[in-house]
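Since the structure comes first, as C-alpha cells, the remarks are kept for the end.
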Amino acid sequence: MEASVPDKPSVDGLEEKWGARWDADGTYRFDRSKTREEIFAIDTPPPTVSGSLHVGHVFSYTQTDVMARYQRMSGKEVFYPMGWDDNGLPTERRVQNYFGVSCDPSVPYDPAFDAAAFEPDTGKDAKPIPLSRKNFIELCNRLTVEDEKAFEELFRHLSLSVDWEMTYTTIGDRSRRVSQRAFLRLLDSGVAYTAEAPTMWDVDFRTAVAQAEIEDREQEGLYHRITFEREDGAGALEIETSRPELIPACVALVAHPDDDRYTKLVGTRVFTPLFDAPVPVLAHELADPEKGTGIAMICTFGDVTDVVWWKELGLPARVVMQKDGTIAPPRWGRDGWESRDVEAATAAQNELSGLYAKKARRRIAELLAESGDLQGEPEQVRHVVKFYEKGDRPLEVITSRQWFVSTLRFRDELLARGRELRWHPPHMRARYESWVEGLNADWAVSRQRFFGVPFPVWYRLDDQGVADHEHPLVPDEDRLPVDPLTDVPDGYTQEQRGVPGGFAGDPDVMDTWATSSLTPQIAAHWEDDLDLFERLFPMDLRPQSHEIIRTWLFYTVLRAHLENDSLPWTDVAISGWVLDPDRKKMSKSKGNVVTPMPLLDQHGADGVRYWAASARLGVDTAIDEQQMKVGRRLAIKALNVSKFVLKMEAAPGAVTEVIDRSMLCTLADVVETATVAFENYDHARALEIIERFFWDFCDDYVELVKSRAYGSRGEGAAGSAMAALRMALSSLLRMLAPFLPYVTEEVWSWWQEGSVHRAPWPSVGELEAGAEADPGVFASAASVLTEVRKHKAAQKISLRARVERVVVRDTPQRFGLLEPALEDLQEAGNIAVIDRTDGEDFAVETVLAPQGA
RNA sequence: GGGCGCUUAGCUCAGUGGAAGAGCGCCGCCCUUACAAGGCGGAGGUCGUAGGUUCGAGCCCUACAGCGCCCACCA
C-alpha cells in the first residue's frame, strides 16, 4: 500500500478538515435498514440549550461518544441522535431577560408581531413588555434556534459522532405529539388524573412543582413559643412554631397518642391566639414528642405533614396563603372561619393581609408580643426549608387543581425495573432505590407556565360557565399535537370557547420532565414509525449524570414501564460532575464555571477528549488542563510515530522474527483486555491499557527494530519488522480512534482507505502472526534496553554512545527469551557484545566503550 | 438520622488476596537519522485510624474518623 505521508505533520487544523469530511461523507449516518440486534441505540441526553455552554457538556458527552465509536467499530450500527431541551422554564427566563418581555396570557395575540425582527429594549429603566402567550412562544422559538446552533457547533468541534440529521427538540412537533399521546393513554388507563389537592407551590413562578424538583436548603429561622388558651379554663397550652403567620390557618393541635403530657387533653378544645378560633386537640403518630413542646399546630397548610394530618384526621381547610405568596384577607365569621371574637380576629388578620410570609411573620410576632401570647424572645435556629430547585423563596403548600401521574402505586414494580437495569457503576442504583422508596406523592405534572407542551384536553362548561374537570374532552390521536387554547374540540366551534354551555381549553403545560421522560420514544419515532421504533426500542444505553437519577432516569423508567411494559434501555452509564481545579462543584452563582471553547482551542479536541475519557464513570473529576496537554502530546506522538513507520521504505514481508511475533502477541493481549473493558463500559480502563502499550511500542519496540527495518540485516528481517510495525500501528490507531478521533483519522488517511471510524475494531485474529509467541521476548529485550539507557543516563552521556559490553545476569530459561532479540538489542543500544552470567536476580552490567572513539 | 462513595507519592488517580503502581509536577541527563511544544532516566509512599480473618491484606470483615454526594428531616 502506498503511503502518502506529509513531511511536517501537525495536529493543528484537523478539526476543520475532518469535521467537514465526516459531514460530507456521512461517516456517522445511521443506517435504518439494520435489525435490532445489529444496532446500538443511545438515548442521548438533550442538553438544556438555554443554559450556557459548560465544560460539563464536553466531559460527559465525550464519555458517551467514546462508547459510541467503540460500538460502531465493533460492527454495530450506532443510533446516536441529538436532542435539544428547549422546553420549559429556563427558556422562559432567558427570553424574559434577553428581550425584556414577560408573558401575560391575558394579552390578546398580536398577529402583526414580528418575532424575527424584535429588538430587545436595552434601556436601563425599561419595563418588561407584556406579550401574549403565543407571541411569547414565538420569541422562545427564535432564541432556542440560536442557542441550539451554539451547542451544535461545540459538539461538532468536539467530534461527537452523532448523526446530525437526527435531531429533535423537546418543544418540537414530534415531542409534543409523543408527550400528548402518552398523556392521553395514561388518562385513558386512569394513571393520569386531575385533582384539586394541596400541592407544593412556588409563589414567584406561580406554579405547582413536583417532589422531584424540590430541594432542601438550610435557613435561619425563629422558633416562637405561643400560648393557646384552653377551653376548660385550666390555663394555656404552649406550642412552638417557625411559622406564626399561619396561626389564622390553624385548625387543630396534635400530640403523639402515647405522650402522657397531653393524652388527657386529646378531645378538648383550645383557642388560637389573636384569632380566638376554637380548634381541637388531637392525637396522631406523626407528632414527635421530642420536637418543640411535643404538641404541634396543624395549619392548612404549613408543610406536607400538615397535609397528612389534615387528610387523616378529617380536618376542615382554612386557607390564608394565596398563590402569589401573600396572606389572604380575613373571612372570620363566614365560610366556616369560626371565632369567639370575629371583630378582633378580623382586625388581626387585616394587619397581615397582603404581606408576604416573611413580613407577616415579623408583624404577627409583634402582635403576639403585645397580646402576651408570645413567651419570651423567639429563638434563632437553623432549619431546613423546601425550595423549588430553581426558586428563590420557600415553597408553600397551596390547594389547586393539577394533573397527576400515579407513581406511588407502582413503587414495587419500579424498584424491580431498577434491579433489571444494568448500572455503570453499579452502586448508583442505590440512589434510584432510595428515591423510589422515599416517594411520598404522585407526580404533579401540570405547570402554570407558558413555554411547554399543553395538556391536550378541553372541559365542557355548564350553564353557569363552570368547567367539568372530571370528564375532559380529548382529541383523536391523529390530531396531535394540539393546543387547546387555539384548537377546538371535536363537535364545537371557536365561538363556543369560554361561554356557558361551550368549552374551555386546559391552560396548563406539562412539567418539562413529562416530555424528557419520553426521549427514547421521541427519538425512536414511537407510533409514528413503527418499523423504526422496533429497530431501536428498548435502547441499549442511557448516559446521564447522577444528580438527575431521581428525575430523568426515574421518570423515563416510569414512562417506559407504563407505555411499553419494558425498560427503556438495558444499560445506564452515570457520569460524574466536572469540578473546578479546587474540586468544588461548578455553579453559576460561584462564578467558577469554565466554558469549553477556549479549552478546545488551546488543547485541541483530541486533548480535551483525552482528559474527559481518562475519568471513570461516576467519578467526579476536577478540570485538569495538564491532562489535556498530555492528551495533546499523545496525539502528536501518534502523528510522529506513524510518520516514521510509514516513511520507511522496506517492503513488509512475512513476520518471521521472534521479537516481532512477541510484540504482536503482547498487542493481541492488549486488544483482548481493552475490548473486555469496553464491553464493561469501562472506557477509562481501555484507554489506560491502550495508551500503556502505545508508549511501550514507541519507546521500546520501534527503537529495537529501527535498524533492522532500515535493512541492517537484510530484506527478510526488514520485511518482518515492517509488517509487524504496520500491523501494530494499524491496531493502535484503531484502538485510539474512539478517544482521539481527529489525529487517528488524519494518520489513517495517509495509508488506508475509508474512515478509521468505520474500520473494524482490532481482533486477536488479525494478529495471528503473534499467536503462540512468547510475550516475554519483547518484554525482556525492552527491560535490558531500559537498563542500558539507565546506565548511560547515570553516566550523563548520550543514549547513542557506544557500549563495549553488556552482561546480563539471569537464569538460563529467562535468558533464553532474550536470545532471539540480541541482535536488535545490540543495534538499538549500540552494544558491541552481550554476555550472560547465571543468577537468580535479573541485573544488567554495562561497560561503556571509550568515548570519543 | 438512613444510605452510597471516597481516603494509596507534592497533585490527579489505577491497583481484581500473592514482590506498592501510572501520569503530571519536581530533579538530572540527552540536540539520538519520527518527535526539543521532544526523548531518556531518577528521587519520592507507615496505602485514613484501630482491631480481626488469613500462611499472606492496599484489597476481605468489624468499629471509628474525615471528605463528598443521595435520601429523610419546616412544630
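Please note that chains go A, B, ... in the order of the C-alpha cells, that every chain numbers its residues from 1, and that ligands are numbered from 1 in the order shown.
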Under the rule of at most 7 Å, produce a per-residue listing of chain A near chain B: chain, number, name, the closest pair of atoms, and the distance in Å, as CSV, using only C-alpha atoms (C1' of nucleotides).
```
residue,atom,partner,partner_atom,distance
A:Glu240,CA,B:A75,C1',5.6
A:Thr241,CA,B:A75,C1',5.3
A:Lys291,CA,B:A75,C1',6.4
A:Gly292,CA,B:A75,C1',5.8
A:Ala296,CA,B:A75,C1',4.7
A:Met297,CA,B:A75,C1',6.6
A:Asp303,CA,B:C74,C1',6.7
A:His383,CA,B:C74,C1',6.9
A:Val384,CA,B:C74,C1',6.1
A:Val385,CA,B:C74,C1',5.4
A:His427,CA,B:C4,C1',6.8
A:Ala430,CA,B:C4,C1',6.5
A:Arg431,CA,B:C70,C1',5.6
A:Ser434,CA,B:C71,C1',5.8
A:Trp435,CA,B:C71,C1',6.4
A:Gln626,CA,B:C24,C1',6.7
A:Lys637,CA,B:C35,C1',6.6
A:Asn640,CA,B:A34,C1',5.0
A:Val641,CA,B:A34,C1',5.3
A:Lys643,CA,B:A34,C1',6.3
A:Phe644,CA,B:A34,C1',4.4
A:Arg789,CA,B:C40,C1',6.8
A:Lys790,CA,B:G41,C1',5.6
A:Ala793,CA,B:C29,C1',5.5
A:Lys796,CA,B:C29,C1',5.2
A:Ile797,CA,B:C30,C1',6.9
A:Ser798,CA,B:C30,C1',5.2
A:Leu799,CA,B:U32,C1',6.5
A:Arg800,CA,B:U32,C1',5.7
```
Would you mind exporting the chosen residues as a compact mmCIF listing (two decimals), in the first residue's frame, restricted to N, CA, C and O atoms?
```txt
# COMPACT_ATOMS: atom_id res chain seq x y z
N GLU A 240 -44.60 25.41 69.81
CA GLU A 240 -43.52 26.15 69.15
C GLU A 240 -43.76 26.12 67.66
O GLU A 240 -44.15 25.09 67.11
N THR A 241 -43.52 27.25 67.04
CA THR A 241 -43.68 27.28 65.58
C THR A 241 -42.68 28.23 64.96
O THR A 241 -42.31 29.24 65.55
N LYS A 291 -39.95 17.04 69.55
CA LYS A 291 -39.83 18.33 68.87
C LYS A 291 -40.64 19.40 69.58
O LYS A 291 -41.79 19.18 69.93
N GLY A 292 -40.02 20.54 69.73
CA GLY A 292 -40.72 21.67 70.34
C GLY A 292 -41.25 21.29 71.70
O GLY A 292 -40.55 20.69 72.52
N ALA A 296 -48.03 20.12 68.39
CA ALA A 296 -47.81 20.95 67.20
C ALA A 296 -49.12 21.53 66.70
O ALA A 296 -50.19 20.99 66.94
N MET A 297 -48.95 22.63 66.00
CA MET A 297 -50.09 23.31 65.40
C MET A 297 -50.29 22.75 63.99
O MET A 297 -49.33 22.65 63.23
N ASP A 303 -46.84 22.68 55.87
CA ASP A 303 -45.89 21.74 55.28
C ASP A 303 -46.63 20.46 54.93
O ASP A 303 -47.85 20.34 55.13
N HIS A 383 -32.73 25.71 60.28
CA HIS A 383 -33.56 24.54 59.93
C HIS A 383 -33.67 24.45 58.42
O HIS A 383 -33.33 25.39 57.70
N VAL A 384 -34.11 23.29 57.94
CA VAL A 384 -34.19 23.10 56.50
C VAL A 384 -35.58 23.46 56.00
O VAL A 384 -36.58 23.18 56.65
N VAL A 385 -35.58 24.09 54.85
CA VAL A 385 -36.82 24.55 54.25
C VAL A 385 -36.84 24.07 52.81
O VAL A 385 -35.81 24.01 52.15
N HIS A 427 -23.09 0.92 41.90
CA HIS A 427 -23.59 1.48 43.16
C HIS A 427 -24.56 2.64 42.95
O HIS A 427 -25.25 3.04 43.89
N ALA A 430 -28.29 2.51 44.10
CA ALA A 430 -28.75 2.83 45.46
C ALA A 430 -29.49 4.16 45.47
O ALA A 430 -30.44 4.35 46.22
N ARG A 431 -29.03 5.09 44.63
CA ARG A 431 -29.69 6.41 44.62
C ARG A 431 -31.09 6.31 44.06
O ARG A 431 -32.02 6.94 44.54
N SER A 434 -33.26 4.62 46.78
CA SER A 434 -33.65 5.45 47.92
C SER A 434 -34.66 6.50 47.48
O SER A 434 -35.53 6.89 48.25
N TRP A 435 -34.56 6.92 46.25
CA TRP A 435 -35.56 7.86 45.75
C TRP A 435 -36.93 7.20 45.65
O TRP A 435 -37.93 7.72 46.14
N GLN A 626 -3.59 20.06 32.60
CA GLN A 626 -2.37 19.27 32.45
C GLN A 626 -2.67 17.96 31.71
O GLN A 626 -1.92 17.55 30.83
N LYS A 637 2.38 12.46 19.38
CA LYS A 637 3.22 11.25 19.33
C LYS A 637 2.68 10.27 18.29
O LYS A 637 3.44 9.67 17.52
N ASN A 640 3.69 11.44 14.93
CA ASN A 640 5.11 11.29 14.61
C ASN A 640 5.52 9.84 14.42
O ASN A 640 6.27 9.52 13.50
N VAL A 641 5.04 8.98 15.30
CA VAL A 641 5.45 7.58 15.15
C VAL A 641 4.87 7.01 13.87
O VAL A 641 5.50 6.20 13.19
N LYS A 643 4.27 8.69 11.15
CA LYS A 643 5.08 9.22 10.05
C LYS A 643 6.34 8.38 9.91
O LYS A 643 6.72 7.98 8.80
N PHE A 644 6.97 8.11 11.02
CA PHE A 644 8.22 7.36 11.00
C PHE A 644 8.02 5.96 10.41
O PHE A 644 8.75 5.54 9.51
N ARG A 789 19.97 2.14 28.99
CA ARG A 789 19.66 3.58 28.96
C ARG A 789 19.91 4.21 30.33
O ARG A 789 20.44 5.32 30.44
N LYS A 790 19.48 3.48 31.35
CA LYS A 790 19.62 3.98 32.71
C LYS A 790 21.10 4.24 33.00
O LYS A 790 21.47 5.27 33.57
N ALA A 793 22.29 7.26 31.18
CA ALA A 793 21.78 8.48 31.80
C ALA A 793 22.58 8.80 33.07
O ALA A 793 22.93 9.95 33.33
N LYS A 796 25.66 10.31 32.34
CA LYS A 796 25.44 11.59 31.67
C LYS A 796 26.02 11.62 30.27
O LYS A 796 26.70 12.58 29.88
N ILE A 797 25.79 10.55 29.57
CA ILE A 797 26.26 10.56 28.19
C ILE A 797 25.08 10.29 27.26
O ILE A 797 24.00 9.85 27.67
N SER A 798 25.32 10.54 26.01
CA SER A 798 24.27 10.39 25.00
C SER A 798 23.79 8.94 24.93
O SER A 798 24.56 8.01 25.11
N LEU A 799 22.52 8.77 24.63
CA LEU A 799 21.97 7.43 24.52
C LEU A 799 22.55 6.69 23.32
O LEU A 799 22.46 5.47 23.24
N ARG A 800 23.15 7.46 22.42
CA ARG A 800 23.71 6.83 21.23
C ARG A 800 25.13 6.31 21.49
O ARG A 800 25.71 5.63 20.67
```
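Residue neighbourhood of A:Ser406, excluding near-sequence residues (fewer than 2 positions): Gly190, Val191, Ala192, Tyr193, Phe404, Leu408, Arg409, Phe410, Ala441, Asp442, Trp443 and Ala444 of chain A, at 9 Å, using only C-alpha atoms (C1' of nucleotides).
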Atom CA of A:Phe694 to atom CA of A:Gly754, distance in Å rounded to a single decimal:
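Going from atom CA of A:Phe694 over to atom CA of A:Gly754 covers 23.0 Å.
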Would you pick out the contacts of stretch 59-65 of chain B at 8 Å or less, using only C-alpha atoms (C1' of nucleotides), so that residues sharing its chain but fewer than 2 positions from it are not included, and give the list as a tab-separated table (two decimals) with C-alpha atoms (C1' of nucleotides), in the first residue's frame?
```
chain	number	residue	atom	x	y	z
B	17	G	C1'	-5.85	-11.93	48.42
B	48	G	C1'	-7.06	7.48	56.90
B	49	U	C1'	-7.04	5.09	62.31
B	50	A	C1'	-7.72	0.74	65.45
B	51	G	C1'	-8.87	-4.20	65.70
B	52	G	C1'	-9.92	-9.01	63.21
B	53	U	C1'	-9.79	-13.18	59.32
B	57	A	C1'	-4.26	-7.87	53.49
```
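One finds atom CA of A:Arg261 at 21.2 Å from atom CA of A:Pro273.
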May I have the residues within 10 Å of A:Pro741 as a list in words, using only C-alpha atoms (C1' of nucleotides) and disregarding those fewer than 6 positions away in the same chain?
Leu14, Glu15, Trp18, Val66, Arg69, Leu158, Ser159, Leu160, Ser161, Ala605, Asp606, Arg609, Ala635, Leu733, Arg734, Val756 and His757 of chain A
Output as number ranges by chain all residues of stretch 525-694 of chain A that backbone DSSP marks as strand (DSSP E).
A: 539-545, 569-575, 578-579, 621-622
Report as a VMD selection string all protein, DNA and RNA residues lying within 9 Å of B:A20, evaluated on only C-alpha atoms (C1' of nucleotides), omitting residues in the same chain fewer than 2 positions from it.
chain B and resid 8 45 47 58
Near A:Glu338, within 9 Å and counting only C-alpha atoms (C1' of nucleotides), which residues show up once chain neighbours fewer than 4 positions away are dropped, as a list in words?
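With the cut-off at 9 Å, the set is Asp276, Ala277, Pro278, Trp332, Gly333, Arg334 and Val342 of chain A.
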